[in-house]
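The file data24.txt comes next; it holds compact mmCIF, C-alpha atoms and all ligand atoms.
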```
# COMPACT_ATOMS: atom_id res chain seq x y z
CA MET A 296 93.23 123.64 94.65
CA PRO A 297 92.18 119.99 94.77
CA ARG A 298 94.60 117.69 96.48
CA LYS A 299 95.28 114.11 95.69
CA THR A 300 94.58 111.55 98.37
CA ARG A 301 97.87 111.16 100.10
CA LEU A 302 99.10 107.92 101.44
CA ARG A 303 99.25 108.06 105.18
CA LYS A 304 101.98 106.61 107.21
CA VAL A 305 101.07 103.91 109.65
CA VAL A 306 103.69 103.46 112.33
CA GLU A 307 102.64 100.03 113.43
CA PRO A 308 100.09 97.71 111.92
CA PRO A 309 97.27 96.48 114.15
CA ARG A 310 98.03 93.28 116.02
CA PHE A 311 94.80 91.68 114.94
CA LYS A 312 93.14 90.70 111.73
CA GLY A 313 89.72 91.60 113.08
CA TYR A 314 87.38 91.65 116.06
CA ARG A 315 84.23 89.66 116.54
CA PRO A 316 81.49 90.18 119.11
CA PHE A 317 80.52 87.20 121.22
CA GLY A 318 77.34 86.29 123.05
CA VAL A 319 75.20 87.42 120.16
CA ASN A 320 73.30 85.58 117.52
CA ALA A 321 75.96 85.57 114.87
CA LYS A 322 73.68 85.67 111.87
CA ASN A 323 74.84 89.04 110.80
CA LYS A 324 78.09 88.20 109.09
CA ASP A 325 78.86 91.51 107.48
CA GLY A 326 81.45 93.55 109.26
CA ILE A 327 82.87 97.02 109.25
CA ASP A 328 86.09 97.79 107.46
CA LEU A 329 88.44 99.69 109.69
CA HIS A 330 91.33 101.13 107.71
CA TYR A 331 94.85 100.87 109.05
CA GLU A 332 95.11 104.63 109.29
CA GLU A 333 91.90 104.72 111.33
CA TYR A 334 93.31 102.19 113.73
CA GLU A 335 96.49 104.26 113.92
CA ALA A 336 94.55 107.47 114.62
CA ILE A 337 92.75 105.83 117.55
CA LYS A 338 96.00 104.40 118.84
CA LEU A 339 97.88 107.71 118.71
CA ALA A 340 95.06 109.81 120.19
CA ASP A 341 93.50 107.49 122.72
CA TYR A 342 96.22 105.02 123.57
CA ASP A 343 99.44 107.00 123.22
CA LEU A 344 97.45 110.06 124.39
CA MET A 345 98.91 112.44 121.85
CA ASN A 346 97.21 115.64 120.87
CA HIS A 347 95.90 115.92 117.33
CA LYS A 348 98.77 118.08 116.20
CA GLU A 349 101.43 115.54 117.23
CA ALA A 350 99.42 112.65 115.88
CA ALA A 351 98.88 114.40 112.53
CA GLU A 352 102.62 115.01 112.23
CA ILE A 353 103.47 111.39 112.86
CA MET A 354 100.97 110.22 110.28
CA GLY A 355 102.13 112.82 107.76
CA VAL A 356 98.72 114.43 107.29
CA SER A 357 97.26 117.83 108.08
CA ARG A 358 95.41 118.36 111.32
CA PRO A 359 91.96 118.57 109.66
CA THR A 360 92.70 115.35 107.77
CA PHE A 361 93.73 113.67 110.98
CA ALA A 362 90.54 114.86 112.66
CA ARG A 363 88.51 113.40 109.81
CA ILE A 364 90.23 110.00 109.96
CA TYR A 365 89.88 109.94 113.74
CA GLU A 366 86.19 110.82 113.59
CA SER A 367 85.56 108.16 111.01
CA ALA A 368 87.40 105.58 113.13
CA ARG A 369 85.36 106.38 116.23
CA ARG A 370 82.08 106.19 114.38
CA LYS A 371 82.97 102.83 112.86
CA ILE A 372 83.94 101.37 116.21
CA ALA A 373 80.79 102.77 117.84
CA GLN A 374 78.67 101.31 115.05
CA ALA A 375 80.35 97.93 115.42
CA LEU A 376 79.71 97.90 119.18
CA VAL A 377 76.11 99.02 118.97
CA GLU A 378 75.15 96.91 115.97
CA THR A 379 77.33 93.97 117.12
CA LYS A 380 79.25 93.81 113.90
CA ASN A 381 82.65 92.36 113.19
CA ILE A 382 85.51 94.75 112.70
CA ASN A 383 87.81 93.90 109.80
CA THR A 384 91.01 95.77 109.28
CA VAL A 385 91.76 96.60 105.70
CA TYR A 386 94.65 98.35 104.12
CA GLY A 387 93.02 101.67 103.24
CA ASN A 388 95.20 104.58 102.19
CA ALA A 389 98.00 103.72 104.50
CA ILE A 390 101.55 102.79 103.68
CA MET A 391 103.77 100.97 106.05
CA ASP A 392 107.24 102.30 106.67
CA LYS A 393 108.76 98.91 106.10
CA ASP A 394 107.51 95.46 105.57
CA TRP A 395 105.96 93.97 108.65
CA PHE A 396 105.37 90.29 109.08
CA VAL A 397 103.53 88.03 111.47
CA CYS A 398 104.68 84.57 112.48
CA ASN A 399 101.87 82.04 112.25
CA LYS A 400 103.54 79.80 114.79
CA CYS A 401 104.36 82.12 117.71
CA HIS A 402 102.42 85.22 116.58
CA ALA A 403 105.41 87.51 116.89
CA ARG A 404 105.27 90.63 114.72
CA PHE A 405 108.44 91.93 113.20
CA ASN A 406 110.00 93.92 110.42
CA ILE A 407 112.85 92.86 108.19
CA PRO A 408 115.27 95.76 107.89
CA LYS A 409 117.40 96.47 104.85
CA GLY A 410 120.38 94.19 104.51
CA MET A 411 118.80 91.39 106.52
CA ASP A 412 117.82 88.61 104.15
CA SER A 413 116.02 86.43 106.61
CA GLU A 414 112.90 84.54 105.67
CA LYS A 415 112.19 83.20 109.12
CA CYS A 416 110.67 84.35 112.36
CA PRO A 417 113.26 86.13 114.56
CA ALA A 418 111.50 84.84 117.69
CA CYS A 419 111.09 81.12 116.95
CA ASN A 420 112.81 80.49 113.56
CA SER A 421 109.61 79.25 111.97
CA ILE A 422 109.43 79.77 108.23
CA ASN A 423 105.65 80.04 108.42
CA ILE A 424 105.57 83.83 108.24
CA GLU A 425 103.13 86.09 106.48
CA SER A 426 103.35 89.68 105.31
CA LEU A 427 101.01 92.16 106.94
CA ASN A 428 101.28 94.56 104.01
CA LYS A 429 98.82 92.86 101.76
CA MET B 256 124.47 89.11 116.21
CA LYS B 257 123.43 91.12 119.24
CA THR B 258 119.87 90.94 120.50
CA ILE B 259 118.22 93.05 123.17
CA ILE B 260 115.27 91.73 125.13
CA THR B 261 113.33 93.96 127.51
CA SER B 262 113.34 92.41 130.96
CA SER B 263 111.53 93.09 134.21
CA GLY B 264 114.67 92.36 136.23
CA LYS B 265 118.20 91.06 136.30
CA GLY B 266 118.74 87.41 135.47
CA GLU B 267 117.58 84.90 132.88
CA ASP B 268 114.65 83.74 135.02
CA GLN B 269 113.10 87.20 135.05
CA LEU B 270 109.97 87.83 133.04
CA PHE B 271 109.84 89.62 129.73
CA ASP B 272 108.96 93.33 130.08
CA LEU B 273 106.43 94.56 127.52
CA ARG B 274 107.62 98.15 127.71
CA PHE B 275 110.51 99.34 125.61
CA GLY B 276 111.61 102.88 126.60
CA ARG B 277 110.44 102.28 130.15
CA ALA B 278 111.52 98.69 130.53
CA ALA B 279 113.11 98.03 133.92
CA TRP B 280 116.12 96.11 132.58
CA PHE B 281 117.60 94.99 129.30
CA CYS B 282 119.12 91.66 128.44
CA LEU B 283 121.85 91.68 125.82
CA TYR B 284 122.33 88.34 124.17
CA ASP B 285 125.30 87.82 121.88
CA ASP B 286 125.10 84.67 119.76
CA THR B 287 128.82 84.63 119.03
CA THR B 288 129.60 84.09 122.72
CA ASP B 289 126.21 82.64 123.76
CA LEU B 290 126.26 84.95 126.78
CA MET B 291 123.54 87.04 128.38
CA ASP B 292 124.32 90.38 129.97
CA PHE B 293 121.88 92.44 131.98
CA PHE B 294 121.89 96.16 132.46
CA GLU B 295 119.46 98.56 134.07
CA ASN B 296 117.47 101.13 132.09
CA LYS B 297 118.83 104.47 133.20
CA HIS B 298 116.20 106.37 131.21
CA ILE B 299 113.25 104.80 132.96
CA ASP B 300 112.40 108.05 134.75
CA ALA B 301 113.14 110.38 131.85
CA PRO B 302 110.25 112.87 131.58
CA SER B 303 110.02 112.28 127.84
CA GLY B 304 111.71 110.51 124.99
CA ALA B 305 112.87 107.53 127.05
CA GLY B 306 112.50 105.24 124.03
CA ALA B 307 114.66 107.38 121.77
CA LYS B 308 117.36 107.65 124.45
CA VAL B 309 117.41 103.90 124.83
CA VAL B 310 117.71 103.44 121.07
CA GLU B 311 120.72 105.76 120.96
CA GLU B 312 122.42 103.58 123.53
CA LEU B 313 121.60 100.42 121.61
CA ILE B 314 123.01 101.89 118.41
CA GLU B 315 126.31 102.56 120.20
CA MET B 316 126.36 98.98 121.42
CA GLY B 317 125.92 97.69 117.87
CA VAL B 318 122.64 95.90 118.53
CA ASN B 319 120.98 94.17 115.52
CA LYS B 320 117.64 93.13 116.93
CA VAL B 321 115.27 94.24 119.70
CA ILE B 322 112.54 92.11 121.23
CA SER B 323 109.87 93.98 123.19
CA GLY B 324 106.13 94.37 123.58
CA ASP B 325 105.67 97.73 121.89
CA PHE B 326 107.71 100.52 120.36
CA GLY B 327 106.83 104.19 120.55
CA PRO B 328 106.75 106.12 117.25
CA LYS B 329 110.04 107.92 117.86
CA ALA B 330 111.90 104.82 118.95
CA LYS B 331 110.52 103.00 115.95
CA ASP B 332 111.65 105.69 113.51
CA LEU B 333 115.16 105.56 114.91
CA LEU B 334 115.39 101.77 114.96
CA GLU B 335 114.23 101.67 111.39
CA LYS B 336 116.76 104.27 110.31
CA PHE B 337 119.59 102.24 111.78
CA ASN B 338 118.30 98.96 110.36
CA ILE B 339 117.71 97.38 113.72
CA GLN B 340 115.10 94.66 113.59
CA MET B 341 112.03 95.07 115.79
CA VAL B 342 110.23 92.04 117.16
CA ILE B 343 106.94 92.49 119.00
CA LEU B 344 105.85 89.71 121.33
CA LYS B 345 102.64 89.36 123.23
CA ASP B 346 102.64 88.99 126.98
CA ASP B 347 102.50 85.31 127.72
CA HIS B 348 104.59 85.39 130.87
CA LYS B 349 107.75 84.07 129.30
CA SER B 350 111.09 84.32 131.00
CA ILE B 351 114.10 85.84 129.28
CA LYS B 352 115.67 82.40 129.12
CA GLU B 353 112.63 80.94 127.31
CA ILE B 354 112.64 83.75 124.77
CA VAL B 355 116.33 83.28 124.05
CA GLU B 356 115.97 79.49 123.78
CA ASN B 357 113.13 79.99 121.29
CA PHE B 358 115.13 81.91 118.75
CA LYS B 359 118.48 80.21 119.40
CA SER B 360 117.48 76.76 118.33
ZN ZN C 1 107.67 82.77 115.41
```
Show me the file's structure as structure tokens.
Ligand SMILES: [Zn+2]
Amino acid sequence: MPRKTRLRKVVEPPRFKGYRPFGVNAKNKDGIDLHYEEYEAIKLADYDLMNHKEAAEIMGVSRPTFARIYESARRKIAQALVETKNINTVYGNAIMDKDWFVCNKCHARFNIPKGMDSEKCPACNSINIESLNK
Amino acid sequence: MKTIITSSGKGEDQLFDLRFGRAAWFCLYDDTTDLMDFFENKHIDAPSGAGAKVVEELIEMGVNKVISGDFGPKAKDLLEKFNIQMVILKDDHKSIKEIVENFKS
């Protein structure tokens, strides 16, 4: 039975908008799109050191699906390193649990929970904040 | 409003601790009294689930906001469920006092 592409849960958005190689002739401007869920797969498996079963559960996908996302993420990062390409993070099929924001003044990242109607940065009170869930 | 900041030690001159569940100390700042309180993390050596255990304690204390460097998935789920705001700061060697001054003003 064919399954619809499910939205995957991303626990925490990446803390960067992208990565750029340095020390290379930067003529090649095209980058690689790393999806949020691919970033998350790498984080859970290789940073939080979870096994694939735990990581799949957290992301709300089956183990084979997790393995596929993880594989894709590794290949993209390897390609970016070898071919000295930029890495851009794009939204992909991921949903965020809640709205996450970044402060453009102090670079704090934060969520705004239900019932809190604040439009400013909780670390520096700047109103120059931007949603990460674009 | 009660804010928790993860701290590497006791006292407002101590540096911010990036870890959450395994932070050395916590600073509780209450803006109604403008006082800082420090308490040690008793779950620092827990074999697993330190973050979740810390969150349970914070819920009992009625905390509204937590400032740290990272949150584990379980801690994050719990904080979200109890509508506690998460604030993630980078490590730029700030003291607890500096962090509090930044959001107080
Ligand atoms: Zn800010």
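Distance annotation: of A:Lys400, A:Lys380, A:Lys312, A:Lys409, the residue with the minimal separation from ligand ZN 1 (chain C) is A:Lys400; atom set is all atoms listed in the file.
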Could you please determine the separation between atom CA of Ser262 of chain B and atom CA of Ala279 of chain B in Å, to one decimal place?
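Those two atoms sit 6.4 Å apart.
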Within 7 Å of chain B, which residues of chain A are there when counting all atoms listed in the file? Please give them as a list in words.
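On the chain A side, the interface is Val306, Ala403, Arg404, Phe405, Asn406, Ile407, Pro408, Lys409, Pro417, Ala418, Cys419 and Asn420 of chain A.
Atom CA of Ala307 of chain B sits 19.5 Å away from atom CA of Phe293 of chain B.
Atom CA of Ile424 of chain A sits 22.1 Å away from atom CA of Leu273 of chain B.
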Ref. answer, residues at most 12 Å from (79.0, 103.4, 113.7) with only C-alpha atoms, as a PDB file with C-alpha atoms, in the frame of the given file:
```
ATOM      1  CA  GLY A 326      81.450  93.550 109.260  1.00  0.00           C
ATOM      2  CA  ILE A 327      82.870  97.020 109.250  1.00  0.00           C
ATOM      3  CA  ASP A 328      86.090  97.790 107.460  1.00  0.00           C
ATOM      4  CA  LEU A 329      88.440  99.690 109.690  1.00  0.00           C
ATOM      5  CA  GLU A 366      86.190 110.820 113.590  1.00  0.00           C
ATOM      6  CA  SER A 367      85.560 108.160 111.010  1.00  0.00           C
ATOM      7  CA  ALA A 368      87.400 105.580 113.130  1.00  0.00           C
ATOM      8  CA  ARG A 369      85.360 106.380 116.230  1.00  0.00           C
ATOM      9  CA  ARG A 370      82.080 106.190 114.380  1.00  0.00           C
ATOM     10  CA  LYS A 371      82.970 102.830 112.860  1.00  0.00           C
ATOM     11  CA  ILE A 372      83.940 101.370 116.210  1.00  0.00           C
ATOM     12  CA  ALA A 373      80.790 102.770 117.840  1.00  0.00           C
ATOM     13  CA  GLN A 374      78.670 101.310 115.050  1.00  0.00           C
ATOM     14  CA  ALA A 375      80.350  97.930 115.420  1.00  0.00           C
ATOM     15  CA  LEU A 376      79.710  97.900 119.180  1.00  0.00           C
ATOM     16  CA  VAL A 377      76.110  99.020 118.970  1.00  0.00           C
ATOM     17  CA  GLU A 378      75.150  96.910 115.970  1.00  0.00           C
ATOM     18  CA  THR A 379      77.330  93.970 117.120  1.00  0.00           C
ATOM     19  CA  LYS A 380      79.250  93.810 113.900  1.00  0.00           C
ATOM     20  CA  ASN A 381      82.650  92.360 113.190  1.00  0.00           C
ATOM     21  CA  ILE A 382      85.510  94.750 112.700  1.00  0.00           C
TER      22      ILE A 382
END
```
